[in-house]
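What follows is a set of notes on a single structure, which appears directly below.
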Amino acid sequence: MVPEFGHFALILAMLLAALLAVVPLTGSLTGRSSLQAFARPLASGQFVFVAIAFAALTQAFVTDDFSVAYVANNSNSMLPWYYKFSAVWGGHEGSLLLWILILTGWTLAVGIFSRRLPTDLVAQVLSVMGIVSLAFLLFILLTSNPFERLLPNVPADGADLNPLLQDFGLVVHPPMLYMGYVGFSVAFAFAIAALINGRMDAAWARWTRPWTTVAWCFLSLGIALGSWWAYYELGWGGWWFWDPVENASLMPWLAGTALMHSLAVTEKRGVFKSWTLLLAIITFALSLLGAFLVRSGVLTSVHAFASDPTRGTFLIGLLAVTVIGSLALYAFRAPVVHTRVRYGSLSREIFLLLNNVLLLAALLLVLVGTLYPLVLDYMGAGTMSVGEPFFNLTFSPVAIAVALLLGAGIFSRWKRTDGGWLGRQLLWPAAISLVLAVLVPLWLGELKPWAFAGCFGAAWVTVATFQDIWSRSSSRQGRWYGLKRLTRSYYGMVLGHLGMAITIAGATVVSNYGVERDVRMEPGEVAQMGDLSFAFTSLRHREGPNYAAEQGVFEISRDGELITTLYPEKRMYRVQRNVMTEAGIDAGLFRDLFVALGEPVGGDAWAVRIQFKPLVRWVWLGSLFMAAGGVLAIADRRYRIKVKGGAAEKSAAGVQEPGAVAGKAT
């Protein structure tokens with residue numbers, strides 16, 4: 001009975017989403033405040049009913065209700081309880097329900113935290129999000145019902161969760177990633193509302209920035225968690241494989257990064273309005289593209305959930321309607337919000353504009369590399385693989401160029417920057433970065449061109465950032481007073497830029513100086529890697545809750561001194577009879593030691609992969625810095641200042657209040 005109740009709750013949520021899509025928007029267009037007032041209650045109602053449906057599906061998993069087809073296909077009575085919980089979103093139907101829950105949660109959050117916004121703007125934003133919710137609720141009800149029964153042929157037990165997903169990564173990675181994907185719907189809704197009412201001033205940018213930044217933070221963490229999960233779970237030791245679905249998450253991140261910078265300029269200087277609107281549309285469209293790639297069946301990937309053509313057709317239709325409709329509205333209404341503001345050819349505005357151009361160039365490279373093989377295959381023109389060599393050759397130079405431009409742009413000024421002054425500011429950062437770019441690769445073994453370029457870009461951003469902090473903190477009251485005077489928004493920018501530098505350094509070093517060997521080993525044998533000795537001391541059997549494992553014991557030493565002992569495993573899951581690799585990893589800030597058991601190769605011998613990974617943790621550490629920077633930026637005082645003197649009402653009428661822009665944009 002509980003699954004039917006959950007299904008009924010989804011139907012009620014769909015009806016409320018339909019009302020939310022129509023009633024408040026009609027009220028805003030006709031000026032009827034009584035209709036606009038329905039926006040928040042409808043947003044709350046649809047969230048409540050989706051949450052009820054999600055709770056009903058969770059209850060079915062926890063109680064092993066195998067009469068529900070989705071539960072029978074993705075769970076088992078031997079599955080530990082925590083994996084039963086994460087199995088709720090371990091397949092297509094449940095992950096889509098999680099997506100909708102997060103979408104309605106974002107809608108509810110906008111309703112709660114928008115009390116100071118003009119009523120008609122709130123009505124328009126929530127209505128646009130209601131339209132998106134309605135589309136996804138129709139999708140799940142028509143093509144992906146998670147509550148479908150198997151009556152009367154109820155299996156005695158379930159088919160089990162994919163062993164690859166029986167990991168802590170499933171608990172945290174998809175929710176974080178979806179929070180980022182879906183969070184960009186708020187920026188999209190604000191952009192559509194601005195195009196509808198023709199109102200896009202500094203106050204609008206200030207309202208939009210926190211939502212965009214929070215979504216970007218979640219997406220950054222989601223991508224990092226996925227990379228970390230792949231690194232330790234798949235047994236390959238890689239942290240990024242340019243898998244099409246990995247690319248699908250990278251593309252909205254790149255567009256979202258450009259959107260954040262564009263919003264900063266719009267808030268501070270009132271320019272780049274058309275850029276900002278277009279980027280908001282593109283970012284959300286790319287989030288929908290990610291949903292299409294995962295659920296349409298066009299990809300064969302460890303990430304893919306579904307292979308139903310009906311689902312793919314529905315999603316491609318939703319993507320087409322979203323892109324064509326919003327771009328048509330943009331083409332028709334963009335001139336209404338366009339403004340002309342003068343700035344010099346060497347200014348912060350120019351640096352940020354070039355930054356956006358480079359980010360979009362990187363986005364196009366990833367987009368082409370991801371979709372081109374799919375288009376060829378669909379047209380019957382043959383199959384083609386676009387993998388790591390293509391992306392490394394094309395994406396890496398753009399990433400380094402972004403870093404170089406960022407380091408120079410830190411010292412630029414709004415409106416106009418003196419070229420001679422800027423050159424003098426960049427002299428010391430360039431010299432120090434050059435020294436570091438030579439010393440670091442030589443310390444790691446040899447100087448390689450791409451390693452030099454990556455290390456220089458990372459050092460360039462880092463040194464420039466610290467020099468800028470030193471310059472800005474200068475004060476007659478002392479350096480400490482000057483540091484305390486700087487805003488949270490500024491420190492958020494600092495953390496974000498340092499995070500990018502850390503990630504670039506980690507990716508550069510591990511890609512160029514990581515060492516990997518595949519060896520044949522028997523217990524008692526020793527493999528050498530540089531000055532490290534990997535001793536395969538023994539092999540033992542271990543029983544898990546729903547698997548049996550062969551566990552290797554490896555002692556790693558240097559010059560006879562034991563460094564660590566690792567316990568890689570080869571697991572056989574009892575229900576699906578799938579074999580999975582659990583790597584043994586000794587993690588460190590400056591290096592990882594990695595051992596993975598392959599397959600038995602005769603007698604007592606095993607194929608073993610041993611790896612030395614310098615600075616690989618910096619890839620994820622940089623992501624944490626970037627996310628922390630975003631959180632610190634949205635904690636800035638100007639986002640908490642109450643609008644005074646009817647500023648919100650004047651903004652609603654298209655009048656910009658001088659006090660509406662508080663603080664300084666990063």
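So you can find residues: chains in the structure tokens are A, B, ... in the order shown, residues in each start at 1, and ligands are numbered from 1 in order.
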
Residues of stretch 127-246 of chain A in helix (DSSP H, G or I), written as a PyMOL selection string: chain A and resi 127-143+163-165+168-197+202-233+244-246

Using only C-alpha atoms, determine which residues lie at most 12 Å from A:Val271, disregarding the query and same-chain residues fewer than 3 positions distant; provide the list as an mmCIF file with C-alpha atoms, in the first residue's frame.
data_model
loop_
_atom_site.group_PDB
_atom_site.id
_atom_site.type_symbol
_atom_site.label_atom_id
_atom_site.label_comp_id
_atom_site.auth_asym_id
_atom_site.auth_seq_id
_atom_site.Cartn_x
_atom_site.Cartn_y
_atom_site.Cartn_z
ATOM 1 C CA MET A 200 18.176 43.310 -15.045
ATOM 2 C CA ASP A 201 20.059 45.684 -12.794
ATOM 3 C CA ALA A 202 22.758 45.380 -10.151
ATOM 4 C CA ALA A 205 22.697 40.271 -10.183
ATOM 5 C CA HIS A 261 32.427 35.848 -13.318
ATOM 6 C CA SER A 262 29.890 37.457 -15.629
ATOM 7 C CA LEU A 263 27.490 38.040 -12.729
ATOM 8 C CA ALA A 264 30.290 39.721 -10.782
ATOM 9 C CA VAL A 265 30.807 42.224 -13.600
ATOM 10 C CA THR A 266 27.068 42.784 -14.001
ATOM 11 C CA GLU A 267 26.699 43.514 -10.292
ATOM 12 C CA LYS A 268 29.730 45.796 -10.070
ATOM 13 C CA SER A 274 23.601 39.747 -22.416
ATOM 14 C CA TRP A 275 26.543 37.477 -21.600
ATOM 15 C CA THR A 276 25.065 36.724 -18.189
ATOM 16 C CA LEU A 277 21.639 35.820 -19.535
ATOM 17 C CA VAL A 337 18.193 44.709 -20.974
ATOM 18 C CA HIS A 338 21.255 45.693 -23.008
ATOM 19 C CA THR A 339 23.251 48.685 -21.756
ATOM 20 C CA ARG A 340 26.337 50.494 -22.974
ATOM 21 C CA VAL A 341 29.121 51.167 -20.480
ATOM 22 C CA ARG A 342 32.544 52.381 -21.548
ATOM 23 C CA TYR A 343 35.738 50.706 -20.374
ATOM 24 C CA ARG A 348 39.305 44.199 -15.407
ATOM 25 C CA GLU A 349 36.239 44.010 -17.639
ATOM 26 C CA ILE A 350 38.420 42.951 -20.589
ATOM 27 C CA LEU A 352 37.002 38.845 -17.313
ATOM 28 C CA LEU A 353 35.572 38.887 -20.838
ATOM 29 C CA TRP A 414 37.855 48.477 -13.281
ATOM 30 C CA LYS A 415 37.306 50.798 -16.286
#

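Distances to A:Ser287 were evaluated for A:Trp620, A:Phe61, A:Phe184, A:Trp450 using only C-alpha atoms, and the minimum falls at A:Phe184.
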
Polymer residues at most 7 Å from A:Pro568, only C-alpha atoms, same-chain spacing of 4 or more positions, as a count of residues only: 8

Skip A:Phe139 itself and residues of its chain fewer than 4 positions away, then list as a compact mmCIF listing (two decimals) with N, CA and C atoms, in the first residue's frame all residues within 8 Å of it, counting only C-alpha atoms.
# COMPACT_ATOMS: atom_id res chain seq x y z
N ALA A 135 7.85 19.22 -16.08
CA ALA A 135 8.42 18.40 -17.15
C ALA A 135 9.03 17.11 -16.57
N THR A 143 7.24 7.52 -18.02
CA THR A 143 8.26 6.60 -18.54
C THR A 143 9.08 5.88 -17.48
N SER A 144 9.05 6.34 -16.23
CA SER A 144 10.01 5.82 -15.25
C SER A 144 9.40 5.68 -13.87
N ARG A 311 12.51 7.04 -23.13
CA ARG A 311 13.07 8.02 -22.20
C ARG A 311 13.99 8.99 -22.92
N PHE A 314 11.92 11.53 -24.86
CA PHE A 314 11.32 12.52 -23.97
C PHE A 314 12.36 13.56 -23.56
